[in-house]
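Written below as C-alpha cells is the structure these notes are about.
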Number of protein chains: 4
Amino acid sequence: MDKINLRNDYNHAAHPRVLEAISAASEKRFPGYGTDEECAVAAKIIRHLTGQADADVHFMVGGTQTNLTAIAAFLRPHEAVISMDSAHINIHETGAIEAAGHKILTIPDAGGAGSGTSDFKNTTGAGSNIEAVGKASTEGKADTESVRAIIESHTDEHMVKPKMLFISQATELGTVYTRAELHALRDVCDEYGLYLYIDGARLGCALTSESCDLTLQELASLADAFYIGGTKNGLLFGEALVIRNPALREDFRFLMKQRGGLLAKGFLLGIQFRALLEDGLYFELARQANEMAARLDAALRTHGIPMLTATVSNQVFPMVNKDQLRVIEEHFLFERWGGEAEQGTPIRFVTTWQTTDAEIQAISELFDKKGRTLRLIQ
Amino acid sequence: MDKINLRNDYNHAAHPRVLEAISAASEKRFPGYGTDEECAVAAKIIRHLTGQADADVHFMVGGTQTNLTAIAAFLRPHEAVISMDSAHINIHETGAIEAAGHKILTIPDAGGAGSGTSDFKNTTGAGSNIEAVGKASTEGKADTESVRAIIESHTDEHMVKPKMLFISQATELGTVYTRAELHALRDVCDEYGLYLYIDGARLGCALTSESCDLTLQELASLADAFYIGGTKNGLLFGEALVIRNPALREDFRFLMKQRGGLLAKGFLLGIQFRALLEDGLYFELARQANEMAARLDAALRTHGIPMLTATVSNQVFPMVNKDQLRVIEEHFLFERWGGEAEQGTPIRFVTTWQTTDAEIQAISELFDKKGRTLRLIQ
Amino acid sequence: MDKINLRNDYNHAAHPRVLEAISAASEKRFPGYGTDEECAVAAKIIRHLTGQADADVHFMVGGTQTNLTAIAAFLRPHEAVISMDSAHINIHETGAIEAAGHKILTIPDAGGAGSGTSDFKNTTGAGSNIEAVGKASTEGKADTESVRAIIESHTDEHMVKPKMLFISQATELGTVYTRAELHALRDVCDEYGLYLYIDGARLGCALTSESCDLTLQELASLADAFYIGGTKNGLLFGEALVIRNPALREDFRFLMKQRGGLLAKGFLLGIQFRALLEDGLYFELARQANEMAARLDAALRTHGIPMLTATVSNQVFPMVNKDQLRVIEEHFLFERWGGEAEQGTPIRFVTTWQTTDAEIQAISELFDKKGRTLRLIQ
Amino acid sequence: MDKINLRNDYNHAAHPRVLEAISAASEKRFPGYGTDEECAVAAKIIRHLTGQADADVHFMVGGTQTNLTAIAAFLRPHEAVISMDSAHINIHETGAIEAAGHKILTIPDAGGAGSGTSDFKNTTGAGSNIEAVGKASTEGKADTESVRAIIESHTDEHMVKPKMLFISQATELGTVYTRAELHALRDVCDEYGLYLYIDGARLGCALTSESCDLTLQELASLADAFYIGGTKNGLLFGEALVIRNPALREDFRFLMKQRGGLLAKGFLLGIQFRALLEDGLYFELARQANEMAARLDAALRTHGIPMLTATVSNQVFPMVNKDQLRVIEEHFLFERWGGEAEQGTPIRFVTTWQTTDAEIQAISELFDKKGRTLRLIQ
C-alpha cells in the first residue's frame with residue numbers, strides 16, 4: 001500500500017476545473033509571453049479582488065523565481081532584505097537572493113539558550129526546516145522590535161542598507177499575521193523607508209484562517225508588493241505577483257525575462273488563474289485545506305499528542321515520541337521539522353483540498369487515547 | 001476574422017496526448033521537485049534515445065532558464081561564451097547570461113559592408129530579430145575559423161577566457177548544422193578546452209530536417225551538454241537538459257533551485273516528456289512542422305517571392321516588397337526579421353504540427369504568379 | 001642595456017611632488033576611508049576646476065574599479081552600456097561589467113570587409129589590443145548614428161535596455177572627442193534618456209591636446225559622471241570620479257565599499273590629488289606627455305613610417321614593416337596593436353612626462369630616411 | 001589640541017622604510033600589473049617565510065577586495081561561506097560577498113538571553129561593531145561544534161552548500177586562535193571537504209601575541225589560502241594573498257582583474273612588501289603594537305576599568321561607565337563597540353607601532369585609582 005502523502009501541498013497536478021480550462025483552450029492560438037487576453041482578464045480579476053485598480057499584475061511559474069525576480073528588480077545592489085531566519089528565501093531557496101546580489105538580515109525564530117545558530121537550528125534531514133521550539137511568542141512571525149533593531153544597527157556605508165521587509169503569509173510555521181501586526185510592520189517600514197513584501201505562497205490558507213482578521217483588500221493595501229500563490233492551492237503552477245507601489249513597477253517584465261521567468265506560453269498562467277479566481281475556487285480550496293488541518297489537529301490531540309504551534313492554517317506540527325514517529329513513518333509521508341527535543345520530535349503534515357477524511361482517520365487508527373501505538377495497518 | 005497565426009511555435013497549449021497524460025495523473029500524488037517516477041522514466045527514455053547511458057537529465061520549464069542555469073553552473077566567473085551575434089542568449093534573453101556574470105563573445109552573422117554594428121543590425125519592432133542579409137554563407141551558423149579567431153585573440157588575464165561554444169540546432173535562422181560542421185566545431189573545442197553546448201529549443205525540427213545528416217545519438221556524443229526542446233514541439237512547457245560531460249554534472253540541481261528553475265510539481269515535466277518521447281511523438285510533430293514549412297516555402301516561391309535563407313526546418317524567411325508586406329499584415333501574424341533592404345523586407349513565418357494546409361493556401365490567395373497582391377480576403 | 005620603456009603610462013611610481021606630499025604627511029593621523037580633510041580639499045579643488053559646485057567627488061584606486069563601481073551603482077540589472085568595441089570595459093577589464101551583471105552593446109571600430117568579428121579583430125599577443133585598420137573615420141570614437149541605431153533596435157523586454165553611453169576621452173586609439181562631437185552625443189543621450197559616462201583615464205592628455213577644443217568645465221557639464229585619471233598622469237594611483245547628475249549620487253559610497261574600492265587610508269588619495277591639482281601640475285604633466293608624443297611622431301615620419309591614426313595625445317601608432325619591427329623590438333618596450341596587415345604591423349608607443357628626448361632620439365638612430373634599419377645600438 | 005587617535009590601525013601613512021623604498025624606486029620603470037621583479041622578490045620572501053615553496057602569492061590593495069576576490073574565485077555559485085556573526089565579511093563589507101553571489105552562514109558570537117538578532121546585536125553609531133557581551137567563551141572565535149552543526153544542517157539542493165570556513169587571525173575581538181584550535185578547525189574542514197580561509201588583516205599582531213603558539217609556517221600549512229595584512233602594519237596599503245591549495249590557484253589573476261583588484265602599478269606592492277618582510281620589520285611593528293596594547297590595558301586596569309575580553313593583540317576593549325566615557329570622548333578618538341550594558345559601555349582602542357607612551361599616559365591622567373574622572377586635560 002502506498003503511504004498516505006501529507007508531505008506538502010504540491011504533490012498533485014491541479015484542480016479539475018483548472019485542467020478543464022486548459023483543455024478547453026487547446027484549439028486556440030495565443031500571443032506569447034503573457035500578452036494574451038486570458039492574462040489580461042485574470043489580472044483584471046486580481047485588481048478587482050485586491051481593490052488595487054491600477055496595480056501591476058505579473059504571472060510567474062514558481063515562488064522562488066517570483067521572490068528572486070522581485071528582489072532583483074526592487075533593490076539596488078547594497079540594499080538588503082530583512083526576514084525571519086526560517087523564511088523560505090533564507091533557508092530553502094539555495095541562496096537565490098544572494099545569487100542576485102543581496103544580503104538577507106535575519107530575525108531569529110527562537111532566541112532561547114541553546115538555540116544554536118541562526119542558520120541551522122535543529123534542522124535535519126532532506127527538506128528539513130527551521131523550528132522555534134520554546135519561543136511560542138514569535139511563531140515564525142516578524143515583530144516590529146526586531147525589525148527596528150536591525151534597521152537601527154545599520155548605520156553607514158560599511159554595512160548593507162536594509163530596504164525591504166520580507167514576510168510570509170501564512171508563515172513557514174503555518175501561523176498568520178493579524179491586522180494589527182501587519183499594520184504595525186507597515187508603520188515601521190514607512191518610518192524607515194522600507195518596502196513591505198509579502199510571500200503569499202499559502203496566502204489563500206492564511207486569509208481563510210479563522211485566526212486571520214485580514215481581508216485580501218486590506219493586505220493588498222499594506223504591501224508594496226505581494227504574490228498570490230497558485231501552485232499550492234489548485235493550479236498546476238503559477239504565482240500572481242501584485243505590485244502596488246508605482247515606484248517598483250518600471251520595467252518589471254525585463255527582469256522577468258532576464259531571470260528566466262517569462263513563460264513562453266504565458267497564456268497558461270492566465271487561463272489557470274482565471275479559473276481559480278473568477279468564481280471563488282481559490283478561497284474554497286484554501287478553506288477546505290484549513291478544515292482538514294483542523295480535523296487532523298483534533299485527531300492528534302485526541303491521542304494526547306502535543307503541537308509545536310497552534311494549527312491555524314493548512315500546516316500541522318505535532319511533537320511525537322519515538323514510537324509514534326516510527327509508526328507514522330510506516331504509513332505516512334511527511335517532513336521532519338527540526339531535530340529531536342525533550343518534548344518530542346516535531347514533524348509537519350500539510351493538508352490540501354484533496355486531503356480526505358479517510359486519510360485523517362488513518363492516523364487515529366495508529367494510536368490509542370494515550371498515544372500508545374496500536375497494531376500496524378497492513 | 002482572426003489573423004492566421006504563423007508568428008511562432010509557442011502559440012498553442014499542447015498536443016492532446018500530452019494533455020491527456022496530465023489529466024490521467026490528476027488523482028495521483030507525487031514526490032516534489034522532479035524526484036518522482038515519471039521523471040525517472042522520462043530521463044531513462046532520453047538516455048536510451050541519446051545513447052548516453054550515464055548522462056544526467058534535468059527537466060526545466062523554459063529555454064532562457066535552461067541556458068542561464070547551465071552557463072551559471074558550468075563556467076567560472078571569468079569564463080566567457082562564444083556565440084553567434086544572432087544567438088538567443090545574445091539578443092533575446094534580456095542579458096540573462098550577463099546577469100549571471102558572463103560575457104558573450106560574438107561571431108557576426110554578416111560581415112558585409114553596411115552591415116552596421118554587431119548588436120543591432122537592421123532590427124526593428126517588437127520582438128524583432130537580427131538578420132544576416134548578404135552573407136548567405138554563414139546563415140546563422142558558427143564556423144571554426146571565427147571560433148578559433150576569438151579564442152586566439154583572448155590571450156591573458158586582462159581579457160575574459162573563452163570556455164564555451166554555444167550553438168543552436170536549428171539556428172535562429174532555421175538553418176541546421178551538418179555532421180561535418182558539428183564535428184569540426186567539436187574539434188576546435190577539444191583543441192582549446194572549450195565546452196560545446198547546444199541549444200535545442202528546435203532540436204526536433206533540426207534532426208528531422210532533410211538537410212540534417214545528424215542523428216540524435218551522434219549529436220549527443222559531440223556536445224558536452226544540450227537540451228531537447230519541448231515547449232516548441234508539443235508540450236505545455238518543458239526542456240530536457242542532457243549533461244554528458246561528467247565534469248559538468250556536479251551539484252546541478254543546486255543551481256536549478258538557486259535560479260528558480262526547480263519546478264515544485266516537477267512530475268508535470270516527467271509526464272509530458274514521457275508522453276512526447278516514448279512513442280516517437282516528438283519526431284512526428286517536428287517532421288510535420290517541417291513539412292508545413294516546405295509547403296509554405298513552395299507556395300511563396302510560386303508567387304516569385306525570394307527567401308532570405310533556404311527553408312530547411314520550420315522557419316520560413318521570405319523577403320517581401322511593400323505591397324506584399326501590407327497585404328500579409330492584414331491577414332497573418334508573423335515577425336519582422338530586420339529592417340527594409342533593397343531585396344525586400346525579410347519576415348519570418350514559423351510552422352508547427354498544428355499548421356494547416358488551409359492556412360498555407362490562404363497565403364497563395366493573396367498574390368498572383370508575379371507576386372502582385374490580389375483582392376484582400378474578407 | 002635595458003630596453004627603452006614606451007609601453008604604457010603606468011610604468012613609474014609618481015611625480016616627485018606627489019611623493020613629497022605623502023612623505024610630508026607621514027607623521028599625521030587621519031580619519032579613515034576618505035573622510036579626512038585632504039580628500040575634502042581635493043574634492044573642493046575638483047568642484048572648482050570643473051565648475052560643478054555641488055557635484056559628488058569620490059576618490060578610487062584604479063580605472064577598472066571606478067568603471068565597474070559606477071556602472072553597478074548607476075544601472076538597474078536589465079540596463080546596458082553602449083561602448084566602442086575597443087573600449088577598455090569591453091576588451092581589457094576581464095568582463096568586469098558583465099560580472100556586475102550588465103551587458104555591453106558595442107559599436108564596431110571598423111566595419112570594413114574582412115574586419116572579422118566585433119570582439120577580437122586582429123588582436124594578438126599578451127596585452128594586445130583592438131585596432132581599426134581601414135576605417136580612419138571612426139578612430140575609436142562613438143558616433144551618434146551608431147548610438148542611435150543600437151538604441152532604436154532595442155525595443156522590448158526580450159532585450160536589454162540601453163541606458164548608458166560609455167566613452168573614453170582620450171580614446172583607446174589616442175583620439176579625442178571635440179566639442180561638437182560631445183554635444184551631439186549628449187543630445188542623443190538626452191533624447192533617449194541615457195546617461196553619458198566618460199572614462200578619463202587619460203583625460204589630462206585629451207584636454208591638453210591641440211586637437212581638443214573642450215575645456216574641463218564644458219566636458220563636466222556634458223557628462224552625467226566622469227573620472228579624472230591620476231594613475232597615468234603623475235600619481236602612484238588614483239582616479240577622481242565626479243558625479244554631476246544628482247540622480248546618480250545616492251549611496252555611492254555603499255557601492256564603493258561593496259566592490260572593494262573604499263581605500264582604508266583614503267587620505268592618500270586626497271593628498272595625491274591635492275598635490276596634482278592645486279598648482280596645475282596635472283595639466284603640465286599631460287601637456288609634456290603630448291609634446292613628447294608629437295616629437296616621437298615627427299621622428300618616425302622622418303623615416304617614412306606611416307601612422308595608423310594621427311597622433312593627437314600621448315599615444316603613437318606607427319605601422320612598421322617586419323625589419324622595422326625586429327629592430328624596434330630589440331631596443332624598445334611597446335605594445336603590438338593588432339595583427340600584421342598589408343600596410344604594416346601597427347604598434348603602440350605611449351609617452352609620459354618622464355619620456356626624454358634621448359629616448360626619442362634613440363628611435364631615429366635605428367633607421368635611415370627611407371625607414372631602412374641601420375646598425376643596431378649596442 | 002587634537003584628540004589622541006586610537007581609533008584604528010590605518011590612520012597614518014606608512015613606516016618610513018616603506019616610504020623610502022618607494023622613493024628610491026621613483027626613477028625606475030617597471031612592467032605593469034605586478035609582473036615586475038619587486039613583486040617576484042616579495043613573493044619569494046613570502047614563500048620562504050611561510051614554508052610554502054610553491055604557493056601562489058598575489059598582492060592586492062585592501063582587505064575587502066582580497067576577501068571578495070578570493071571567495072569569488074574559489075566557490076561555485078551555490079557554495080556558501082561559514083563565518084562568525086562578527087566577521088568582517090558579514091558585517092563590515094557592505095554585502096561584498098553576497099554581491100559576489102554567495103551566502104554567509106553565521107555562528108553567533110553570543111547566544112545568551114537578550115542578545116538580540118544575529119546580525120546586529122548591540123551595534124550603534126557610525127563604524128560601530130558587534131560585541132559578544134556575556135559569552136567570554138567564544139570571544140569571536142569559531143568552534144568546531146558550531147561549524148559542524150551548520151554543515152550537518154545543510155543537506156540537500158534546496159539549501160546552499162557550505163564550502164568554506166572563513167576565520168580571522170586575529171579576530172574582530174582581538175583574540176587569537178591557538179594551534180590546537182586551528183588544527184581542530186582544519187580537521188572539520190577536511191572531514192567535510194571545506195576550504196579553510198584565514199583573513200590576516202592583523203596577522204602580524206596575532207602571530208606575535210604571547211597568547212599565540214602558532215608560527216607563520218604552521219598557520220600557512222593549515223590554511224587553503226590566507227592573506228598577510230600590510231595596510232594595518234606598516235604599509236601605505238597592501239595585502240599578500242597566499243594560495244596554498246593548488247586546486248584554488250587556476251586563473252586567479254583573471255579574477256583579480258575582473259574585480260578591479262589588479263593594480264596597474266603593481267610594483268608598488270612588491271616594493272612595499274619587500275621592505276616590510278625582508279628584514280623582519282613586519283614582526284617588529286606588530287610586536288610593538290601589541291606591547292603598547294598591553295601597556296594600555298595595564299593602565300586602564302590600574303583605574304579599575306574592566307575589559308570585555310582579555311587583551312592579547314593590538315585591540316583593547318574596556319567597559320566604561322558614563323562618566324568615563326564622557327571624559328574619554330573629550331580626549332580620544334576610539335570606537336564604540338556595541339550598546340550600553342549593565343557592566344558598562346564597551347569601547348575599542350587600537351594601538352600601532354606609532355602609539356606612544358605619552359598617549360597611554362594621557363589616559364591615566366583622566367582617572368583616579370577608583371576610575372573616577374579627574375580634571376580634564378586642556
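Going through the C-alpha cells in order, the chains are called A, B, and so on, while each chain numbers its residues from 1 and the ligands are numbered from 1 in the order shown.
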Practice task
Return as a ChimeraX atom specification the residues belonging to chain D that are within 7 Å of chain C, counting only C-alpha atoms.
Solution key: /D:10-14,26,28-32,62,64-65,93-96,254,257-260,263-265
Handout entry: Distance query D:Ala180 at most 9 Å, only C-alpha atoms, self and fewer than 4 positions along chain excluded, as a ChimeraX atom specification
Key = /D:184-185,213
I need the chosen residues saved as a PDB file, in the first residue's frame, with N, CA, C and O atoms.
```
ATOM      1  N   ALA D 184      42.012  21.783  15.004  1.00  0.00           N
ATOM      2  CA  ALA D 184      40.664  21.212  15.127  1.00  0.00           C
ATOM      3  C   ALA D 184      39.764  21.709  13.999  1.00  0.00           C
ATOM      4  O   ALA D 184      38.994  20.934  13.415  1.00  0.00           O
ATOM      5  N   LEU D 185      39.860  22.990  13.680  1.00  0.00           N
ATOM      6  CA  LEU D 185      39.044  23.531  12.580  1.00  0.00           C
ATOM      7  C   LEU D 185      39.476  22.917  11.245  1.00  0.00           C
ATOM      8  O   LEU D 185      38.637  22.601  10.404  1.00  0.00           O
ATOM      9  N   ASP D 213      50.436  30.320  20.045  1.00  0.00           N
ATOM     10  CA  ASP D 213      51.508  29.323  19.942  1.00  0.00           C
ATOM     11  C   ASP D 213      51.700  28.840  18.505  1.00  0.00           C
ATOM     12  O   ASP D 213      52.285  27.786  18.267  1.00  0.00           O
TER      13      ASP D 213
END
```
Exercise for the section: With a distance cut-off of 6 Å and only C-alpha atoms, select the neighbouring residues of stretch 203-212 of chain B, excluding the residue or stretch itself and same-chain residues fewer than 5 positions from it, and output the selection as a ChimeraX atom specification. Expected result: /B:169-170,176,178,283,286-287,312-313
Practice task
Could you give me, as an MDAnalysis selection string, the residues within 6 Å of C:Val57, counting only C-alpha atoms and dropping anything in the same chain fewer than 4 positions from it?
Solution key: chainID C and resid 43 241:242
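Close contacts of C:Thr309, defined as residues with an atom at most 9 Å away when counting only C-alpha atoms, with chain neighbours fewer than 5 positions off set aside, comprise C:Ala136, C:Glu139, C:Leu173, C:Gly174, C:Thr175, C:Val316, C:Phe317, C:Pro318.
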Convert the current residue selection to file output with N, CA and C atoms, as a CSV table (one decimal), in the first residue's frame.
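File produced: part-v5.csv:
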```csv
chain,number,residue,atom,x,y,z
C,136,ALA,N,39.5,55.0,-40.9
C,136,ALA,CA,40.1,56.2,-40.2
C,136,ALA,C,39.0,57.1,-39.7
C,139,GLU,N,38.1,56.1,-35.8
C,139,GLU,CA,39.2,56.4,-35.0
C,139,GLU,C,38.9,56.1,-33.5
C,173,LEU,N,42.5,54.7,-28.9
C,173,LEU,CA,43.4,55.0,-30.1
C,173,LEU,C,44.0,56.3,-30.0
C,174,GLY,N,43.9,57.0,-28.8
C,174,GLY,CA,44.6,58.2,-28.6
C,174,GLY,C,43.9,59.4,-29.2
C,175,THR,N,42.7,59.2,-29.8
C,175,THR,CA,42.0,60.3,-30.4
C,175,THR,C,41.1,61.0,-29.4
C,316,VAL,N,51.1,56.9,-29.8
C,316,VAL,CA,51.6,57.0,-31.1
C,316,VAL,C,51.5,55.6,-31.7
C,317,PHE,N,50.9,55.5,-32.9
C,317,PHE,CA,50.6,54.2,-33.5
C,317,PHE,C,51.3,54.0,-34.9
C,318,PRO,N,52.6,53.8,-34.9
C,318,PRO,CA,53.2,53.6,-36.2
C,318,PRO,C,52.9,52.2,-36.8
```
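Nearest residue to D:Tyr192 among D:Leu165, D:Met60, D:Val41, D:Ala87 is D:Leu165, counting only C-alpha atoms.
Put simply, atom CA of A:Gly371 is 18.9 Å away from atom CA of A:Ala293.
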Fill in the blank from the handout: From the list D:His58, D:Ala73, D:Asp109, D:Pro246, the nearest residue to D:Gly34 using only C-alpha atoms is D:His58
Exercise for the section: Mind the document's chain letters and residue numbers, and return as number ranges by chain the residues of stretch 139-375 of chain A that DSSP labels helix (DSSP H, G or I). Expected result: A: 144-153, 179-192, 203-207, 216-222, 246-248, 252-258, 267-277, 281-302, 322-331, 357-364
Practice task
Can you list, as a PyMOL selection string, all residues belonging to stretch 19-186 of chain D that DSSP tags as strand (DSSP E or B)?
Solution key: chain D and resi 56-60+79-84+104-107+161-168
Exercise for the section: Do a neighbour search on D:Val81 at 6 Å with only C-alpha atoms, toss out local chain neighbours closer than 2 positions, and write the hits as a PyMOL selection string. Expected result: chain D and resi 104+162+164-165
Keeping only C-alpha atoms, write those residues as an mmCIF file, in the first residue's frame.
```cif
data_model
loop_
_atom_site.group_PDB
_atom_site.id
_atom_site.type_symbol
_atom_site.label_atom_id
_atom_site.label_comp_id
_atom_site.auth_asym_id
_atom_site.auth_seq_id
_atom_site.Cartn_x
_atom_site.Cartn_y
_atom_site.Cartn_z
ATOM 1 C CA ILE D 104 27.314 33.639 4.504
ATOM 2 C CA PRO D 162 28.800 25.130 2.917
ATOM 3 C CA MET D 164 34.499 27.490 3.021
ATOM 4 C CA LEU D 165 35.239 28.279 6.629
#
```
